[in-house]
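Heads up, my_file.cif below (mmCIF, C-alpha atoms):
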```cif
data_entry
#
loop_
_atom_site.label_atom_id
_atom_site.label_comp_id
_atom_site.auth_asym_id
_atom_site.auth_seq_id
_atom_site.Cartn_x
_atom_site.Cartn_y
_atom_site.Cartn_z
CA MET A 1 2.04 36.47 -36.11
CA SER A 2 0.70 35.79 -39.60
CA ASP A 3 -2.45 33.80 -40.20
CA THR A 4 -0.38 30.96 -41.62
CA GLU A 5 1.77 30.60 -38.52
CA LYS A 6 0.67 28.03 -36.02
CA LYS A 7 0.38 28.80 -32.37
CA PRO A 8 2.49 26.55 -30.14
CA MET A 9 0.61 23.69 -28.56
CA PRO A 10 0.21 24.02 -24.78
CA ASP A 11 2.35 21.78 -22.66
CA THR A 12 0.76 18.58 -21.43
CA LEU A 13 -0.76 19.17 -18.04
CA ALA A 14 1.34 17.82 -15.20
CA PRO A 15 -0.30 15.09 -13.12
CA ALA A 16 -2.02 16.22 -9.96
CA PRO A 17 0.22 15.96 -6.89
CA ILE A 18 -0.27 13.07 -4.48
CA SER A 19 -2.37 14.38 -1.59
CA VAL A 20 -1.10 13.30 1.83
CA LEU A 21 -2.70 13.47 5.29
CA LEU A 22 -0.48 13.20 8.40
CA ILE A 23 -1.87 11.62 11.59
CA ASP A 24 0.57 11.59 14.51
CA ASP A 25 0.38 12.87 18.08
CA HIS A 26 3.89 14.38 17.92
CA THR A 27 3.71 17.93 16.54
CA LEU A 28 7.43 18.16 15.76
CA PHE A 29 7.35 14.88 13.83
CA ARG A 30 4.39 16.04 11.72
CA SER A 31 6.16 19.32 11.10
CA GLY A 32 9.29 17.52 9.93
CA ILE A 33 7.39 15.26 7.53
CA ARG A 34 5.42 18.22 6.16
CA SER A 35 8.63 20.20 5.57
CA LEU A 36 10.19 17.22 3.82
CA LEU A 37 7.26 16.58 1.48
CA GLN A 38 6.83 20.27 0.66
CA ARG A 39 10.21 20.13 -1.04
CA TYR A 40 8.71 17.85 -3.70
CA PRO A 41 6.18 19.25 -6.21
CA GLU A 42 4.67 15.77 -6.65
CA PHE A 43 3.26 15.88 -3.10
CA SER A 44 0.64 18.05 -1.43
CA VAL A 45 0.18 17.79 2.34
CA VAL A 46 -3.52 18.55 2.62
CA GLY A 47 -3.95 18.21 6.36
CA GLU A 48 -2.74 17.04 9.76
CA ALA A 49 -4.31 15.47 12.85
CA ALA A 50 -2.96 14.75 16.32
CA ASP A 51 -5.22 11.79 17.14
CA GLY A 52 -7.27 9.07 15.51
CA VAL A 53 -10.69 10.67 15.91
CA GLU A 54 -9.60 13.91 14.27
CA GLY A 55 -7.66 11.91 11.68
CA ILE A 56 -10.75 9.97 10.61
CA LYS A 57 -12.74 13.21 10.38
CA ARG A 58 -10.06 14.88 8.22
CA ALA A 59 -9.70 11.82 6.01
CA CYS A 60 -13.45 11.75 5.32
CA GLN A 61 -13.41 15.46 4.48
CA LEU A 62 -10.26 15.48 2.35
CA GLN A 63 -10.24 11.97 0.81
CA PRO A 64 -6.41 12.02 0.49
CA ASP A 65 -4.49 9.69 -1.78
CA VAL A 66 -2.18 8.61 1.06
CA VAL A 67 -2.37 8.75 4.85
CA LEU A 68 0.73 8.46 7.03
CA LEU A 69 -0.63 7.04 10.30
CA ASP A 70 1.12 6.54 13.63
CA LEU A 71 0.47 3.25 15.43
CA ASN A 72 0.51 4.35 19.08
CA MET A 73 -1.56 7.44 19.85
CA PRO A 74 -3.71 8.60 22.78
CA GLY A 75 -7.39 7.73 22.56
CA ILE A 76 -8.08 5.22 19.82
CA SER A 77 -5.06 3.36 18.50
CA GLY A 78 -3.61 3.59 15.03
CA LEU A 79 -5.02 0.16 14.18
CA GLN A 80 -8.53 1.19 15.27
CA THR A 81 -8.14 4.41 13.31
CA LEU A 82 -7.08 2.42 10.25
CA GLN A 83 -10.06 0.07 10.41
CA LEU A 84 -12.60 2.87 10.90
CA MET A 85 -11.02 5.12 8.28
CA LEU A 86 -11.07 2.51 5.52
CA GLN A 87 -14.82 2.06 5.98
CA ASP A 88 -15.35 5.61 4.66
CA CYS A 89 -12.15 6.01 2.61
CA PRO A 90 -11.63 2.62 0.93
CA ASN A 91 -9.54 4.10 -1.89
CA THR A 92 -7.05 5.83 0.40
CA ALA A 93 -3.65 4.18 0.77
CA VAL A 94 -2.78 4.07 4.47
CA ILE A 95 0.86 3.66 5.48
CA MET A 96 1.59 2.92 9.12
CA LEU A 97 4.61 5.05 10.10
CA THR A 98 5.72 3.87 13.53
CA VAL A 99 8.56 3.00 15.89
CA SER A 100 7.14 -0.49 16.49
CA GLU A 101 9.15 -3.32 14.97
CA ASP A 102 6.80 -5.95 16.39
CA ALA A 103 5.87 -8.57 13.79
CA GLU A 104 2.37 -8.94 15.25
CA ASP A 105 1.67 -5.21 14.84
CA LEU A 106 2.88 -5.49 11.26
CA GLY A 107 0.69 -8.50 10.48
CA VAL A 108 -2.44 -7.02 12.03
CA ALA A 109 -1.93 -3.70 10.24
CA LEU A 110 -1.61 -5.33 6.82
CA GLN A 111 -4.51 -7.70 7.45
CA SER A 112 -6.61 -4.69 8.48
CA GLY A 113 -6.02 -3.05 5.12
CA ALA A 114 -2.88 -0.93 5.50
CA ARG A 115 -1.05 -0.43 2.21
CA GLY A 116 2.30 -0.25 3.98
CA TYR A 117 4.26 -0.42 7.22
CA LEU A 118 7.34 1.75 7.70
CA ILE A 119 9.66 2.41 10.64
CA LYS A 120 10.24 6.05 11.60
CA ASN A 121 14.03 5.75 11.33
CA ILE A 122 13.91 5.27 7.52
CA ASP A 123 15.69 7.86 5.40
CA ALA A 124 13.85 10.60 3.53
CA ASP A 125 14.39 9.18 0.04
CA TYR A 126 12.95 5.81 1.08
CA LEU A 127 9.84 7.50 2.52
CA VAL A 128 9.31 9.53 -0.66
CA ARG A 129 9.55 6.44 -2.87
CA ALA A 130 7.27 4.49 -0.52
CA ILE A 131 4.54 7.13 -0.70
CA GLN A 132 4.75 7.16 -4.49
CA ARG A 133 4.54 3.36 -4.66
CA ALA A 134 1.62 3.21 -2.23
CA ALA A 135 -0.27 5.84 -4.22
CA ALA A 136 0.29 3.68 -7.32
CA GLY A 137 -1.31 0.68 -5.62
CA GLU A 138 1.79 -1.18 -4.43
CA ALA A 139 2.38 -2.57 -0.95
CA VAL A 140 5.36 -1.09 0.92
CA VAL A 141 6.99 -2.73 3.93
CA ALA A 142 10.18 -1.56 5.64
CA GLU A 143 13.13 -3.73 4.67
CA ALA A 144 13.87 -4.37 8.35
CA MET A 145 10.39 -5.88 8.75
CA THR A 146 10.27 -8.05 5.63
CA SER A 147 12.02 -11.09 7.15
CA LYS A 148 9.78 -10.89 10.23
CA LEU A 149 6.69 -10.77 8.04
CA ILE A 150 7.78 -13.77 5.98
CA ALA A 151 8.63 -15.81 9.08
CA GLN A 152 5.31 -14.98 10.73
CA LEU A 153 3.24 -15.76 7.65
CA GLN A 154 5.07 -18.96 6.83
CA ASN A 155 4.42 -20.20 10.37
CA ALA A 156 0.77 -19.25 9.99
CA GLY A 157 0.62 -21.00 6.65
CA GLN A 158 1.82 -24.24 8.19
CA ARG A 159 -1.27 -24.29 10.38
CA THR A 160 -3.77 -23.98 7.52
CA GLU A 161 -5.07 -26.22 4.78
CA VAL A 162 -3.06 -24.79 1.91
CA ARG A 163 -3.90 -26.99 -1.04
CA SER A 164 -7.66 -26.68 -0.84
CA GLU A 165 -7.36 -22.87 -1.01
CA LEU A 166 -4.81 -22.80 -3.81
CA ASP A 167 -6.76 -25.35 -5.85
CA LYS A 168 -9.44 -22.69 -6.32
CA LEU A 169 -7.05 -20.73 -8.53
CA THR A 170 -6.17 -21.29 -12.16
CA PRO A 171 -2.47 -21.55 -13.14
CA ARG A 172 -2.55 -17.97 -14.44
CA GLU A 173 -4.12 -16.73 -11.23
CA ARG A 174 -1.35 -18.45 -9.26
CA ASP A 175 1.22 -16.67 -11.42
CA ILE A 176 -0.41 -13.34 -10.62
CA LEU A 177 -0.70 -14.22 -6.94
CA ALA A 178 3.08 -14.80 -6.90
CA CYS A 179 3.54 -11.36 -8.45
CA LEU A 180 1.32 -9.84 -5.75
CA ALA A 181 3.54 -11.50 -3.14
CA ARG A 182 6.43 -9.50 -4.56
CA GLY A 183 4.43 -6.26 -4.28
CA GLU A 184 4.23 -5.70 -8.04
CA SER A 185 1.72 -3.28 -9.56
CA ASN A 186 -0.77 -4.29 -12.25
CA LYS A 187 1.35 -2.57 -14.88
CA ILE A 188 4.49 -4.51 -13.93
CA ILE A 189 2.54 -7.80 -13.76
CA ALA A 190 1.08 -7.15 -17.21
CA ARG A 191 4.54 -6.51 -18.63
CA THR A 192 5.99 -9.61 -16.95
CA LEU A 193 3.22 -11.94 -18.15
CA ASP A 194 2.73 -10.19 -21.51
CA VAL A 195 -0.98 -9.51 -20.99
CA ALA A 196 -3.13 -6.36 -20.91
CA ASP A 197 -3.45 -4.28 -17.73
CA SER A 198 -7.21 -4.86 -17.83
CA THR A 199 -6.66 -8.62 -17.91
CA VAL A 200 -4.50 -8.43 -14.78
CA LYS A 201 -7.15 -6.35 -13.03
CA ILE A 202 -9.81 -8.98 -13.77
CA HIS A 203 -7.55 -11.79 -12.54
CA VAL A 204 -6.81 -9.91 -9.31
CA GLN A 205 -10.53 -9.42 -8.70
CA ASN A 206 -11.12 -13.15 -9.27
CA ILE A 207 -8.29 -14.06 -6.89
CA LEU A 208 -9.71 -11.88 -4.13
CA LYS A 209 -13.19 -13.33 -4.64
CA LYS A 210 -12.04 -16.96 -4.67
CA LEU A 211 -9.84 -16.56 -1.58
CA ASN A 212 -12.40 -14.37 0.25
CA LEU A 213 -9.94 -11.51 0.60
CA SER A 214 -10.64 -7.78 0.46
CA SER A 215 -7.40 -6.26 -0.87
CA ARG A 216 -4.26 -7.05 -2.87
CA VAL A 217 -2.24 -6.52 0.32
CA GLN A 218 -4.17 -9.36 1.97
CA ALA A 219 -3.56 -11.43 -1.17
CA ALA A 220 0.18 -10.76 -0.86
CA ILE A 221 0.08 -11.83 2.79
CA PHE A 222 -1.77 -15.02 1.84
CA ALA A 223 0.74 -15.74 -0.92
CA VAL A 224 3.81 -15.33 1.28
CA GLY A 225 2.24 -17.29 4.11
CA HIS A 226 1.42 -20.17 1.78
CA GLY A 227 4.74 -20.25 0.00
CA VAL A 228 3.49 -18.92 -3.33
CA THR A 229 6.70 -17.33 -4.55
CA GLY A 230 6.68 -18.05 -8.26
CA THR A 231 9.26 -20.82 -8.11
CA ASP A 232 8.59 -24.00 -10.07
CA GLU A 233 7.64 -26.10 -7.07
CA ASN A 234 4.82 -23.74 -6.15
CA LYS A 235 3.24 -23.51 -9.57
#
```
Show me the file's structure as C-alpha cells.
Amino acid sequence: MSDTEKKPMPDTLAPAPISVLLIDDHTLFRSGIRSLLQRYPEFSVVGEAADGVEGIKRACQLQPDVVLLDLNMPGISGLQTLQLMLQDCPNTAVIMLTVSEDAEDLGVALQSGARGYLIKNIDADYLVRAIQRAAAGEAVVAEAMTSKLIAQLQNAGQRTEVRSELDKLTPRERDILACLARGESNKIIARTLDVADSTVKIHVQNILKKLNLSSRVQAAIFAVGHGVTGTDENK
C-alpha cells in the first residue's frame, strides 16, 4: 500500500448485547429460554437462579439489563424478590414471566416496579421484542392482560380524587402522561410532540415528582386508571 493510499476506516462498533438474568425454579424452562436467547446475537444470558434469594444475589453481582422473573417460586415469592432486587438494582428492567393471569398479581407487580408482565405461553418472537422494548425503557404487558389491567385501574381511579392530582400537571405534562399510558419511549414521545429527548426526560421527572411516583411504569398505571388517554376530553 502506497503512502498516499488511505487505510479503510474500521467498522462502527456494534452495540453491546442486552444482558439477561433468568430467575425461575423450573430448570427445563430456564434451559429453554437460554437456548432461545442464545440464537440472537443481541442478547447475552449472563446468569440463572432457581429461587429469589439466589436471584437477588446474582442480580447484585451481575447488574443485568433485564431480569426475567417467575412469580411463584419456593421460599420468597417473585413479588418479594422484585421489591428487594430493585433496592440494589434500580436500573435493571424486571419482567415478570409467569403463568398467572390474575389481574391483582399484574397490578401489584407493576406498582412494585416491574417493567413488564408476560404470560409463559407467549410465542418466542413476542418475548424477544418484549425484552428489547423493556431494555429500551418501555413497559411491556401481555396482550391478554391489557384489558384486565385497564378494567382494574379504571375501577381504582373511580375511587380516588382525580382532578386534584391531575391539576398539578401542566398541559404539556398531561400530553406526556398520555404517551406514558401508551407505553411510549422518550424518543417516540419526543418525535410525536416535536420536542427534544432531553425535554421529555425533564417533563417525565417533573410528572413523577408531582404525582409522588417512582417510575414511568407507575405513571402509566396512574394515567390509565385516571382515564388520561390523550383524547380531547381528557386534556
Ala223 of chain A: which residues within 7 Å, counting all atoms listed in the file, same-chain residues fewer than 3 positions away excluded, as a PyMOL selection string?
chain A and resi 177-178+181+219-220+226-228
Expand the PyMOL selection byres ((chain A and resi 79) around 10) into the explicit residue set it covers here, and present it as a PDB file with C-alpha atoms, keeping the file's coordinate frame.
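Listing of result-v7.pdb after writing:
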```pdb
ATOM      1  CA  GLY A  52      -7.270   9.070  15.510  1.00  0.00           C
ATOM      2  CA  LEU A  69      -0.630   7.040  10.300  1.00  0.00           C
ATOM      3  CA  ASP A  70       1.120   6.540  13.630  1.00  0.00           C
ATOM      4  CA  LEU A  71       0.470   3.250  15.430  1.00  0.00           C
ATOM      5  CA  ASN A  72       0.510   4.350  19.080  1.00  0.00           C
ATOM      6  CA  MET A  73      -1.560   7.440  19.850  1.00  0.00           C
ATOM      7  CA  ILE A  76      -8.080   5.220  19.820  1.00  0.00           C
ATOM      8  CA  SER A  77      -5.060   3.360  18.500  1.00  0.00           C
ATOM      9  CA  GLY A  78      -3.610   3.590  15.030  1.00  0.00           C
ATOM     10  CA  GLN A  80      -8.530   1.190  15.270  1.00  0.00           C
ATOM     11  CA  THR A  81      -8.140   4.410  13.310  1.00  0.00           C
ATOM     12  CA  LEU A  82      -7.080   2.420  10.250  1.00  0.00           C
ATOM     13  CA  GLN A  83     -10.060   0.070  10.410  1.00  0.00           C
ATOM     14  CA  LEU A  84     -12.600   2.870  10.900  1.00  0.00           C
ATOM     15  CA  MET A  85     -11.020   5.120   8.280  1.00  0.00           C
ATOM     16  CA  MET A  96       1.590   2.920   9.120  1.00  0.00           C
ATOM     17  CA  ASP A 105       1.670  -5.210  14.840  1.00  0.00           C
ATOM     18  CA  VAL A 108      -2.440  -7.020  12.030  1.00  0.00           C
ATOM     19  CA  ALA A 109      -1.930  -3.700  10.240  1.00  0.00           C
ATOM     20  CA  LEU A 110      -1.610  -5.330   6.820  1.00  0.00           C
ATOM     21  CA  SER A 112      -6.610  -4.690   8.480  1.00  0.00           C
ATOM     22  CA  GLY A 113      -6.020  -3.050   5.120  1.00  0.00           C
ATOM     23  CA  ALA A 114      -2.880  -0.930   5.500  1.00  0.00           C
TER      24      ALA A 114
END
```
Hey, what's within 7 Å of segment 45-50 of chain A if we count all atoms listed in the file and toss same-chain stuff fewer than 5 positions away? As a PyMOL selection string, please?
chain A and resi 19-25+34+55
Show me the residues close to (-17.3, 7.5, 3.2) - anything with an atom within 10 Å, counting only C-alpha atoms - and format the list as a ChimeraX atom specification.
/A:59-61,63,85-91
Could you list, as a list in words, every residue matched by the PyMOL selection byres ((chain A and resi 138) around 8) in this structure?
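Taken over the shown coordinates, the PyMOL selection byres ((chain A and resi 138) around 8) returns Arg115, Arg133, Ala134, Ala135, Ala136, Gly137, Ala139, Val140, Gly183, Glu184 and Ser185 of chain A.
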Point-to-point distance from atom CA of Ile188 of chain A to atom CA of Lys201 of chain A, Å rounded to tenths:
11.8 Å
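When all atoms listed in the file are used to measure the gap to Gln111 of chain A, the shortest distance among A:Ile221, A:Pro41, A:Ile56, A:Asp125 belongs to A:Ile221.
Nearest residue to Thr199 of chain A, choosing from A:Glu173, A:Glu42, A:Glu143, A:Glu101 and counting all atoms listed in the file: A:Glu173.
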Pick the closest to Thr146 of chain A from A:Val224, A:Val66, A:Ile189, A:Ile122: which is it, counting only C-alpha atoms?
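The answer is A:Val224, which sits nearest to Thr146 of chain A.
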